$ cat data.txt   # compact mmCIF, C-alpha atoms
# COMPACT_ATOMS: atom_id res chain seq x y z
CA MET A 1 19.64 -35.40 42.80
CA ALA A 2 22.49 -34.67 45.18
CA LYS A 3 24.78 -37.07 43.31
CA SER A 4 23.91 -35.55 39.93
CA ARG A 5 24.56 -32.06 41.27
CA ARG A 6 27.94 -33.07 42.67
CA LYS A 7 28.83 -34.80 39.44
CA ARG A 8 27.75 -31.86 37.31
CA PHE A 9 29.60 -29.35 39.41
CA GLY A 10 32.61 -31.60 39.46
CA LEU A 11 32.84 -31.09 35.69
CA LEU A 12 32.25 -27.35 35.91
CA GLY A 13 34.47 -27.11 38.96
CA SER A 14 37.44 -28.46 37.08
CA LEU A 15 36.56 -26.31 34.08
CA LEU A 16 36.22 -23.03 35.98
CA GLY A 17 38.75 -23.81 38.69
CA LEU A 18 36.13 -24.04 41.43
CA ASN A 19 37.96 -26.92 43.06
CA LYS A 20 41.02 -24.81 43.74
CA PRO A 21 41.42 -23.79 47.40
CA ALA A 22 40.22 -20.30 48.14
CA PRO A 23 42.32 -17.85 50.16
CA LYS A 24 41.92 -18.03 53.90
CA GLN A 25 39.52 -15.61 55.50
CA ASN A 26 42.37 -13.68 57.15
CA GLN A 27 43.70 -12.98 53.66
CA LEU A 28 40.43 -11.31 52.69
CA HIS A 29 40.90 -7.72 53.73
CA SER A 30 38.13 -5.23 54.26
CA MET A 31 35.21 -5.29 51.88
CA PHE A 32 35.82 -3.13 48.84
CA ALA A 33 34.61 0.41 49.46
CA SER A 34 31.64 1.78 47.55
CA LEU A 35 31.49 5.46 46.65
CA GLY A 36 27.75 5.52 47.18
CA GLY A 37 27.97 4.06 50.66
CA TYR A 38 26.30 0.77 49.69
CA SER A 39 27.93 -2.58 50.35
CA PRO A 40 29.01 -4.08 47.00
CA VAL A 41 27.08 -7.32 47.49
CA TYR A 42 24.73 -8.87 44.96
CA THR A 43 22.17 -11.53 45.86
CA SER A 44 19.95 -13.29 43.36
CA TYR A 45 16.30 -12.22 43.53
CA ASP A 46 14.29 -14.55 45.76
CA GLY A 47 10.95 -13.70 44.15
CA GLY A 48 11.59 -16.09 41.29
CA ILE A 49 10.78 -13.72 38.43
CA TYR A 50 11.72 -16.45 35.93
CA GLU A 51 9.11 -18.76 37.48
CA ILE A 52 6.21 -16.57 36.33
CA GLY A 53 4.93 -17.83 33.00
CA LEU A 54 4.56 -14.52 31.17
CA CYS A 55 7.90 -13.25 32.49
CA ARG A 56 9.65 -16.39 31.32
CA ALA A 57 8.03 -16.04 27.90
CA CYS A 58 9.24 -12.42 27.61
CA ILE A 59 12.78 -13.26 28.72
CA ASN A 60 12.95 -16.29 26.45
CA ARG A 61 11.76 -14.24 23.46
CA ILE A 62 14.48 -11.66 24.07
CA ALA A 63 17.13 -14.32 24.71
CA THR A 64 16.20 -16.24 21.56
CA SER A 65 16.72 -13.10 19.50
CA CYS A 66 20.05 -12.46 21.24
CA GLY A 67 21.12 -16.00 20.40
CA LYS A 68 21.27 -14.91 16.74
CA ALA A 69 24.22 -12.61 17.42
CA SER A 70 26.91 -12.43 14.75
CA PRO A 71 30.20 -11.39 16.42
CA GLU A 72 32.91 -9.71 14.36
CA LEU A 73 36.53 -9.26 15.47
CA THR A 74 38.86 -6.62 14.08
CA ASN A 75 42.06 -8.31 15.33
CA LYS A 76 43.27 -10.99 12.92
CA ASP A 77 46.51 -12.13 14.61
CA TYR A 78 47.03 -15.56 16.19
CA LYS A 79 45.11 -14.71 19.36
CA GLY A 80 42.46 -13.09 17.22
CA LYS A 81 41.88 -16.40 15.46
CA ILE A 82 41.49 -18.19 18.80
CA TYR A 83 39.13 -15.55 20.12
CA ASN A 84 37.24 -15.60 16.82
CA TYR A 85 36.57 -19.30 17.37
CA LEU A 86 35.49 -18.71 20.98
CA VAL A 87 33.00 -15.91 20.35
CA LYS A 88 31.66 -17.19 17.02
CA LYS A 89 31.68 -20.99 17.31
CA LYS A 90 32.41 -22.64 20.67
CA PRO A 91 32.84 -20.48 23.81
CA ASN A 92 33.29 -23.58 25.99
CA PRO A 93 33.16 -27.36 25.59
CA TYR A 94 29.48 -27.54 26.58
CA MET A 95 27.92 -24.68 24.59
CA THR A 96 27.70 -23.43 21.06
CA ALA A 97 27.91 -19.69 20.44
CA SER A 98 24.13 -19.30 20.05
CA GLN A 99 23.52 -21.23 23.29
CA PHE A 100 26.10 -19.08 25.06
CA TYR A 101 24.52 -15.75 24.03
CA LYS A 102 21.01 -17.03 24.66
CA ARG A 103 21.84 -18.11 28.20
CA LEU A 104 23.81 -14.94 28.87
CA ALA A 105 20.78 -12.88 27.83
CA THR A 106 18.48 -15.03 29.97
CA ILE A 107 20.61 -14.41 33.05
CA TYR A 108 20.97 -10.71 32.23
CA PHE A 109 17.26 -9.96 31.80
CA ALA A 110 16.17 -12.20 34.69
CA GLU A 111 18.75 -10.99 37.23
CA ASN A 112 19.86 -7.58 35.89
CA ASN A 113 23.41 -8.89 36.33
CA ALA A 114 25.32 -11.42 34.23
CA PHE A 115 28.88 -12.63 34.66
CA ILE A 116 31.26 -14.16 32.13
CA ILE A 117 33.98 -16.17 33.85
CA PRO A 118 37.13 -16.87 31.79
CA ILE A 119 38.30 -20.46 31.44
CA GLU A 120 42.09 -20.37 31.64
CA ASP A 121 44.79 -22.89 30.80
CA GLU A 122 47.81 -23.63 32.98
CA TYR A 123 49.58 -20.55 31.61
CA GLY A 124 46.74 -18.18 32.41
CA MET A 125 45.62 -17.81 28.79
CA ILE A 126 41.89 -17.67 28.10
CA LYS A 127 40.69 -20.81 26.37
CA GLY A 128 36.96 -20.49 27.00
CA LEU A 129 34.10 -18.39 28.37
CA TRP A 130 31.36 -19.42 30.79
CA PRO A 131 28.10 -17.54 31.66
CA ALA A 132 27.81 -17.88 35.44
CA VAL A 133 24.67 -17.77 37.60
CA PRO A 134 25.82 -17.10 41.15
CA SER A 135 23.35 -17.04 44.02
CA GLN A 136 25.45 -14.36 45.67
CA CYS A 137 28.65 -12.47 44.95
CA GLN A 138 30.54 -9.67 46.60
CA LEU A 139 33.67 -7.63 46.03
CA LYS A 140 36.71 -8.18 48.24
CA GLU A 141 40.09 -6.48 48.44
CA ILE A 142 43.20 -8.65 48.63
CA ASN A 143 46.59 -6.95 48.80
CA GLY A 144 45.25 -3.86 47.12
CA GLU A 145 43.53 -5.72 44.25
CA VAL A 146 39.78 -6.10 43.86
CA TYR A 147 38.44 -9.66 43.68
CA ILE A 148 34.90 -10.91 43.16
CA TYR A 149 33.74 -13.69 45.44
CA PHE A 150 31.09 -16.01 43.96
CA ASN A 151 28.74 -18.32 45.89
CA PHE A 152 26.91 -20.80 43.65
CA ILE A 153 23.64 -22.58 44.35
CA TYR A 154 25.44 -25.92 44.66
CA GLY A 155 27.50 -24.68 47.58
CA GLU A 156 30.70 -24.11 45.59
CA GLU A 157 32.71 -20.90 45.78
CA LYS A 158 35.13 -19.08 43.51
CA LEU A 159 37.39 -16.10 44.03
CA ILE A 160 38.75 -14.36 40.93
CA GLU A 161 40.15 -10.97 40.00
CA TYR A 162 37.31 -8.64 39.13
CA SER A 163 39.31 -7.28 36.20
CA LYS A 164 39.25 -10.73 34.55
CA VAL A 165 35.48 -11.16 34.83
CA GLY A 166 33.03 -9.86 32.26
CA HIS A 167 30.21 -8.13 34.15
CA LEU A 168 27.02 -7.01 32.42
CA ARG A 169 24.43 -5.04 34.37
CA GLN A 170 21.27 -2.99 33.90
CA MET A 171 18.89 -0.99 36.11
CA GLN A 172 21.88 0.17 38.11
CA TYR A 173 21.06 2.88 40.60
CA LYS A 174 21.93 2.41 44.25
CA ASP A 175 24.94 0.14 43.91
CA ASP A 176 28.11 1.33 42.22
CA TYR A 177 28.95 -2.11 40.87
CA PHE A 178 25.81 -4.25 40.57
CA GLY A 179 22.45 -3.83 38.90
CA ASP A 180 19.45 -3.62 41.22
CA VAL A 181 17.34 -6.68 41.92
CA ASN A 182 13.79 -6.96 40.61
CA ASP A 183 11.99 -6.06 43.83
CA ALA A 184 10.28 -3.21 41.94
CA PHE A 185 8.42 -5.93 40.06
CA ASP A 186 6.92 -7.37 43.27
CA THR A 187 3.54 -5.66 42.94
CA THR A 188 3.00 -6.81 39.36
CA ALA A 189 4.22 -10.31 40.25
CA LYS A 190 1.73 -10.56 43.13
CA LEU A 191 -1.10 -9.39 40.87
CA MET A 192 -0.22 -12.03 38.29
CA LEU A 193 -0.01 -14.79 40.89
CA ALA A 194 -3.31 -13.69 42.45
CA GLN A 195 -4.90 -13.70 38.99
CA GLU A 196 -3.69 -17.24 38.28
CA GLU A 197 -4.69 -18.53 41.72
CA GLY A 198 -8.11 -16.90 41.37
CA ALA A 199 -8.68 -18.67 38.06
CA ILE A 200 -7.67 -22.02 39.57
CA ASN A 201 -9.92 -21.55 42.60
CA ALA A 202 -12.81 -20.47 40.35
CA ILE A 203 -12.53 -23.68 38.35
CA LYS A 204 -12.44 -25.77 41.51
CA SER A 205 -15.34 -23.86 43.05
CA SER A 206 -17.56 -24.19 39.98
CA SER A 207 -17.12 -27.97 39.97
CA ILE A 208 -18.40 -28.40 43.55
CA VAL A 209 -22.11 -29.27 44.02
CA ARG A 210 -23.67 -27.24 46.86
CA PHE A 211 -27.19 -27.36 48.31
CA LEU A 212 -29.05 -25.54 51.03
CA ALA A 213 -31.67 -27.62 52.87
CA ARG A 214 -33.77 -27.48 56.05
CA ILE A 215 -33.90 -30.49 58.34
CA SER A 216 -37.54 -31.15 59.19
CA THR A 217 -36.82 -33.34 62.21
CA PRO A 218 -35.12 -32.06 65.35
CA ILE A 219 -31.50 -33.01 66.05
CA ASP A 220 -31.21 -34.43 69.53
CA ASP A 221 -27.46 -34.31 70.11
CA ASP A 222 -24.06 -34.12 68.45
CA GLU A 223 -24.13 -37.78 67.54
CA ASP A 224 -27.36 -37.33 65.67
CA TYR A 225 -25.87 -34.31 63.85
CA LYS A 226 -22.85 -36.31 62.79
CA GLU A 227 -25.08 -39.13 61.58
CA GLN A 228 -26.99 -36.70 59.36
CA GLN A 229 -23.71 -35.54 57.84
CA ASN A 230 -22.44 -39.08 57.33
CA MET A 231 -25.69 -40.07 55.63
CA ILE A 232 -25.28 -37.31 53.05
CA LEU A 233 -21.66 -38.28 52.61
CA ARG A 234 -22.46 -41.97 52.05
CA ASN A 235 -25.28 -41.32 49.60
CA ASN A 236 -23.84 -38.54 47.53
CA LEU A 237 -20.11 -37.93 47.84
CA ASN A 238 -18.35 -41.28 48.23
CA LYS A 239 -17.56 -42.39 44.68
CA ASN A 240 -20.87 -41.09 43.41
CA GLU A 241 -20.60 -40.98 39.62
CA THR A 242 -24.33 -40.84 38.83
CA GLY A 243 -24.78 -37.10 39.16
CA VAL A 244 -27.89 -37.72 41.34
CA PHE A 245 -28.11 -36.15 44.79
CA LEU A 246 -30.10 -38.39 47.20
CA ILE A 247 -31.91 -37.15 50.31
CA ASP A 248 -34.73 -38.54 52.42
CA ASN A 249 -37.86 -36.90 53.80
CA ARG A 250 -36.03 -35.44 56.77
CA PHE A 251 -34.82 -32.67 54.42
CA ASP A 252 -37.11 -30.19 52.76
CA GLU A 253 -36.80 -26.94 50.83
CA VAL A 254 -33.66 -28.19 49.12
CA LYS A 255 -32.17 -25.45 46.91
CA PRO A 256 -28.94 -25.49 44.90
CA ILE A 257 -26.36 -22.81 45.69
CA GLU A 258 -25.11 -21.17 42.52
CA SER A 259 -21.41 -20.42 42.68
CA LYS A 260 -20.42 -17.24 40.84
CA PRO A 261 -16.64 -16.92 41.08
CA LEU A 262 -15.22 -13.46 40.50
CA LEU A 263 -12.45 -13.26 37.90
CA VAL A 264 -10.33 -10.40 36.65
CA ASP A 265 -12.06 -8.86 33.65
CA ALA A 266 -10.38 -8.54 30.26
CA LYS A 267 -9.33 -4.90 30.74
CA GLN A 268 -7.75 -5.53 34.12
CA LYS A 269 -6.03 -8.64 32.81
CA GLN A 270 -4.62 -6.68 29.86
CA ALA A 271 -3.43 -3.91 32.18
CA ILE A 272 -1.49 -6.42 34.28
CA GLU A 273 0.06 -7.99 31.20
CA ASN A 274 0.98 -4.56 29.83
CA SER A 275 2.88 -3.91 33.07
CA VAL A 276 4.97 -6.99 32.35
CA TYR A 277 5.54 -5.96 28.74
CA SER A 278 6.63 -2.49 29.85
CA TYR A 279 9.02 -3.87 32.45
CA PHE A 280 10.85 -6.00 29.89
CA GLY A 281 10.48 -3.58 26.99
CA ILE A 282 8.61 -6.00 24.76
CA SER A 283 5.24 -5.91 23.03
CA GLU A 284 2.54 -8.53 22.70
CA ALA A 285 3.10 -8.60 18.92
CA ILE A 286 6.79 -9.46 19.40
CA LEU A 287 6.00 -12.08 22.01
CA GLN A 288 3.41 -13.83 19.84
CA ASN A 289 5.35 -13.43 16.55
CA LYS A 290 2.72 -11.17 14.98
CA TYR A 291 4.99 -8.16 14.51
CA LYS A 292 5.52 -5.94 11.51
CA PRO A 293 8.98 -4.84 10.31
CA ASP A 294 8.69 -1.46 12.05
CA GLU A 295 7.75 -3.14 15.33
CA TRP A 296 10.71 -5.51 15.05
CA ASN A 297 13.12 -2.67 14.28
CA ALA A 298 11.90 -0.77 17.35
CA PHE A 299 12.33 -3.89 19.51
CA TYR A 300 15.80 -4.52 18.10
CA GLU A 301 17.06 -0.99 18.59
CA SER A 302 15.65 -0.60 22.11
CA ILE A 303 16.41 -4.03 23.62
CA ILE A 304 18.63 -6.26 21.46
CA GLU A 305 21.12 -3.71 20.16
CA PRO A 306 21.98 -2.21 23.60
CA PHE A 307 22.61 -5.74 24.86
CA PHE A 308 24.87 -6.48 21.87
CA ILE A 309 26.81 -3.26 22.46
CA GLU A 310 27.41 -4.08 26.13
CA VAL A 311 28.41 -7.69 25.42
CA GLY A 312 30.84 -6.50 22.72
CA GLU A 313 32.42 -3.99 25.10
CA VAL A 314 32.68 -6.53 27.92
CA LEU A 315 34.23 -9.23 25.71
CA SER A 316 36.66 -6.70 24.22
CA GLY A 317 37.79 -5.76 27.73
CA MET A 318 38.23 -9.42 28.67
CA LEU A 319 40.13 -10.58 25.59
CA TYR A 320 42.15 -7.52 24.56
CA SER A 321 44.61 -5.32 26.41
CA VAL A 322 44.19 -1.56 26.70
CA ASN A 323 46.83 -0.98 24.01
CA GLN A 324 45.11 -3.43 21.64
CA ILE A 325 41.77 -1.69 22.13
CA MET A 326 43.40 1.71 21.56
CA ASN A 327 44.87 0.35 18.32
CA GLY A 328 41.46 -0.71 17.06
CA SER A 329 40.98 -4.26 18.37
CA GLU A 330 37.38 -4.84 19.41
CA ILE A 331 34.49 -7.28 19.26
CA ILE A 332 31.23 -6.13 17.68
CA LEU A 333 27.95 -8.05 17.89
CA THR A 334 25.34 -7.52 15.21
CA SER A 335 22.26 -9.29 13.88
CA ASP A 336 20.63 -9.21 10.48
CA ARG A 337 17.49 -7.15 11.05
CA LEU A 338 16.52 -7.38 7.37
CA GLN A 339 15.59 -11.03 7.73
CA TYR A 340 12.32 -9.84 9.30
CA ASP A 341 11.48 -7.38 6.51
CA SER A 342 9.31 -8.03 3.47
CA THR A 343 10.79 -9.43 0.28
CA GLN A 344 10.25 -6.09 -1.47
CA THR A 345 12.17 -4.23 1.26
CA LYS A 346 15.05 -6.70 1.07
CA LEU A 347 15.14 -6.39 -2.71
CA ASN A 348 15.23 -2.59 -2.57
CA VAL A 349 18.07 -2.56 -0.04
CA ALA A 350 20.06 -5.21 -1.90
CA THR A 351 19.64 -3.41 -5.24
CA GLN A 352 20.54 0.04 -3.97
CA MET A 353 23.61 -1.12 -2.03
CA PHE A 354 24.80 -3.52 -4.76
CA ASP A 355 24.47 -0.95 -7.56
CA ARG A 356 26.65 1.49 -5.64
CA GLY A 357 29.36 -1.05 -4.86
CA MET A 358 28.66 -0.94 -1.10
CA ILE A 359 28.23 -4.74 -0.93
CA ASP A 360 29.40 -7.62 -3.08
CA THR A 361 27.29 -10.35 -4.65
CA ASN A 362 27.45 -12.53 -1.54
CA GLY A 363 26.27 -9.58 0.55
CA ALA A 364 23.23 -9.15 -1.66
CA LEU A 365 22.54 -12.90 -1.50
CA ASN A 366 22.79 -12.79 2.29
CA ILE A 367 20.14 -10.05 2.45
CA MET A 368 17.85 -12.29 0.41
CA ASN A 369 18.66 -15.27 2.69
CA LYS A 370 20.44 -17.11 -0.11
CA ALA A 371 23.63 -19.18 0.04
CA PRO A 372 26.86 -17.47 -1.11
CA LEU A 373 28.46 -18.30 -4.47
CA PRO A 374 31.33 -20.83 -4.54
CA ASP A 375 34.99 -19.81 -4.61
CA ASP A 376 35.48 -16.05 -4.97
CA GLU A 377 32.69 -15.42 -7.46
CA GLY A 378 30.52 -13.76 -4.85
CA LYS A 379 33.25 -11.38 -3.65
CA LYS A 380 33.19 -9.24 -6.79
CA ARG A 381 31.76 -5.74 -6.56
CA PHE A 382 29.95 -3.91 -9.34
CA ILE A 383 28.81 -0.33 -9.85
CA ARG A 384 26.40 1.16 -12.35
CA GLY A 385 28.07 3.04 -15.20
CA GLU A 386 26.12 6.27 -14.84
CA TYR A 387 27.62 6.92 -11.39
CA ILE A 388 30.71 9.16 -11.84
CA GLN A 389 33.29 9.86 -9.18
CA VAL A 390 33.49 13.57 -8.35
CA THR A 391 36.63 14.99 -6.71
CA LYS A 392 37.92 18.51 -6.13
CA SER A 393 41.22 19.21 -7.97
CA ASN A 394 44.08 21.31 -6.68
CA GLN A 395 43.38 23.84 -9.44
CA GLY A 396 39.93 24.53 -8.02
CA GLY A 397 38.09 22.57 -10.68
CA ILE A 398 35.87 19.49 -10.61
CA SER A 399 37.25 16.11 -11.75
CA TYR A 400 34.93 13.68 -13.55
CA ASN A 401 36.50 10.21 -13.80
CA GLY A 402 39.98 11.75 -13.78
CA GLU A 403 39.27 14.59 -16.28
CA THR A 404 39.38 18.05 -14.73
CA GLU A 405 37.25 20.92 -15.93
CA PRO A 406 38.00 24.44 -14.68
CA GLN A 407 35.55 26.01 -12.30
CA GLN A 408 34.42 29.40 -13.66
CA ASN A 409 33.13 30.87 -10.42
CA PRO A 410 34.89 29.66 -7.26
CA ASN A 411 32.07 31.04 -5.07
CA ALA A 412 29.31 29.32 -7.03
CA ILE A 413 27.71 26.10 -5.79
CA ASN A 414 28.09 23.31 -8.35
CA SER A 415 26.14 20.12 -8.68
CA VAL A 416 26.20 17.01 -10.81
CA SER A 417 23.10 15.84 -12.64
CA ASN A 418 21.61 12.56 -11.53
CA GLU A 419 20.35 11.78 -15.02
CA PRO A 420 21.78 8.50 -16.36
CA GLY A 421 24.87 9.06 -18.47
CA ASP A 422 25.00 12.78 -17.73
CA GLY A 423 28.25 13.77 -16.05
CA LYS A 424 28.25 17.41 -16.95
CA GLN A 425 28.36 20.27 -14.51
CA THR A 426 25.21 22.37 -14.26
CA ASP A 427 24.79 25.88 -12.92
$ encode --input "data.txt" --output "structure tokens"
Amino acid sequence: MAKSRRKRFGLLGSLLGLNKPAPKQNQLHSMFASLGGYSPVYTSYDGGIYEIGLCRACINRIATSCGKASPELTNKDYKGKIYNYLVKKKPNPYMTASQFYKRLATIYFAENNAFIIPIEDEYGMIKGLWPAVPSQCQLKEINGEVYIYFNFIYGEEKLIEYSKVGHLRQMQYKDDYFGDVNDAFDTTAKLMLAQEEGAINAIKSSSIVRFLARISTPIDDDEDYKEQQNMILRNNLNKNETGVFLIDNRFDEVKPIESKPLLVDAKQKQAIENSVYSYFGISEAILQNKYKPDEWNAFYESIIEPFFIEVGEVLSGMLYSVNQIMNGSEIILTSDRLQYDSTQTKLNVATQMFDRGMIDTNGALNIMNKAPLPDDEGKKRFIRGEYIQVTKSNQGGISYNGETEPQQNPNAINSVSNEPGDGKQTD
């Protein structure tokens, strides 16, 4: 195991620059000041929230949905093409885009903090992105610049400018820089573990044969007492597969002891599980894939979409300069929510948007989960003939498809009939 860990981190070390010598301790100036008075140090939660079965299922369900992210970039220059490949296809040599976003979401919802470390070439240009899982990290100040100091579980360390790192966080309260750990979940976690241990002990207890008997002959000494015990052990417990319990006439009034283990009832069990669902913002229907479109939309808008927004903002800050962002360069993450709707809902949306020219043929096919048309056939837009463009002319009249009619009463409110083929003004 030790060799495999060293080998694995040797690959990641060269990729992320972990093998580079860190600055000497005397170069690390005072710890970066926190406005709230808290030390800006983050330590991974020791309670092992990801090791609890139901918690892992909730986190994995959220992360799987986040892995379906569809990033869109507004910058189309040379760097934009490189970044487009990184965020949409291959963020690093060892992950696809879906694997990257799925793991990033797993770290984020398990730790309340997630870090994206840039992979740089020899010229300092970003050539990849890596979702890091540090066991501990803290902010340091070096020559007036803030650095983040990572300690990884394999014993490796990395020091990098905080401005270069993508940092996602949630449940942020006490610390000015890091999200809080999951110690608020301790009570629920202990209840779940006690419930599981109780079930295991109940199964073990119910499989044990117990009897209560009275010894009819007196026991002279300790040796005699031990012999009585050994006799029962030899006759009944040592590789006894017959199911028959043998005793001699020295025992009478033999009665079986009925074991009645106490388990958490269904209501209490559901209450504990609901606490987990509430903590992660997920429902049982979503977790077990029994949801309706309205339930999915609520889950998407409350959990998935906020994560997409934060990831888009963090990646935009990593890959674009302030001037580029001010000029409209950004990364937006979306996901097709309609894929979970009914066929009738998809058809209605596709028809209404296609008829009004809001989407092209390929867009309508995408809503219906169909492949796009070859060449540029699917990029054509159509609009129904009874829809007429209405504009206000400089003369104060209304223009219908380029023909202006005078407006008789400037103070009157005018409308256009929605009847097919009717483009006349009505009072």
$ residues_around --input "data.txt" --residues "range 127-131 of chain A" --least-positions-apart "4" --cutoff "8 Å" --atoms "all atoms listed in the file" --output "compact mmCIF listing (two decimals) with C-alpha atoms, in the frame of the given file"
# COMPACT_ATOMS: atom_id res chain seq x y z
CA LEU A 16 36.22 -23.03 35.98
CA LEU A 86 35.49 -18.71 20.98
CA PRO A 91 32.84 -20.48 23.81
CA ASN A 92 33.29 -23.58 25.99
CA PRO A 93 33.16 -27.36 25.59
CA PHE A 100 26.10 -19.08 25.06
CA ARG A 103 21.84 -18.11 28.20
CA LEU A 104 23.81 -14.94 28.87
CA ALA A 114 25.32 -11.42 34.23
CA PHE A 115 28.88 -12.63 34.66
CA ILE A 116 31.26 -14.16 32.13
CA ILE A 117 33.98 -16.17 33.85
CA PRO A 118 37.13 -16.87 31.79
CA ILE A 119 38.30 -20.46 31.44
CA GLU A 120 42.09 -20.37 31.64
CA ASP A 121 44.79 -22.89 30.80
$ closest_residue --input "data.txt" --among "A:Thr74, A:Gly67, A:Glu284, A:Glu122" --to "Gln270 in chain A" --atoms "all atoms listed in the file"
A:Glu284
$ closest_residue --input "data.txt" --among "A:Asp360, A:Glu157, A:Leu319, A:Val146" --to "Ile82 in chain A" --atoms "only C-alpha atoms"
A:Leu319
$ closest_residue --input "data.txt" --among "A:Ala189, A:Gly124, A:Lys140, A:Gly198" --to "Gly53 in chain A" --atoms "only C-alpha atoms"
A:Ala189
$ atom_distance --input "data.txt" --atom1 "CA of Tyr149 in chain A" --atom2 "CA of Arg169 in chain A"
16.9 Å
$ residues_around --input "data.txt" --residues "Val165 in chain A" --least-positions-apart "2" --cutoff "10 Å" --atoms "all atoms listed in the file" --output "PyMOL selection string"
chain A and resi 115-118+129+147-148+160-163+167-168+314-315+317-318
$ atom_distance --input "data.txt" --atom1 "CA of Leu139 in chain A" --atom2 "CA of Asp176 in chain A"
11.2 Å
$ atom_distance --input "data.txt" --atom1 "CA of Ala110 in chain A" --atom2 "CA of Ala132 in chain A"
13.0 Å
$ closest_residue --input "data.txt" --among "A:Ser335, A:Ser283, A:Thr106, A:Gln99" --to "Arg56 in chain A" --atoms "all atoms listed in the file"
A:Thr106
$ residues_around --input "data.txt" --residues "Gln288 in chain A" --least-positions-apart "2" --cutoff "12 Å" --atoms "only C-alpha atoms" --output "PyMOL selection string"
chain A and resi 54+57-58+60-61+282-286+290-292
$ closest_residue --input "data.txt" --among "A:Pro71, A:Arg384, A:Asp375, A:Asp294" --to "Asp355 in chain A" --atoms "all atoms listed in the file"
A:Arg384
$ residues_around --input "data.txt" --residues "Ala184 in chain A" --least-positions-apart "4" --cutoff "12 Å" --atoms "all atoms listed in the file" --output "PyMOL selection string"
chain A and resi 45+47+49+171+180+188-190+275-276+279
$ closest_residue --input "data.txt" --among "A:Gly312, A:Asn75, A:Glu197, A:Thr345" --to "Asn327 in chain A" --atoms "all atoms listed in the file"
A:Asn75
$ residues_around --input "data.txt" --residues "Asp376 in chain A" --least-positions-apart "4" --cutoff "12 Å" --atoms "all atoms listed in the file" --output "ChimeraX atom specification"
/A:360-362,372,380-381
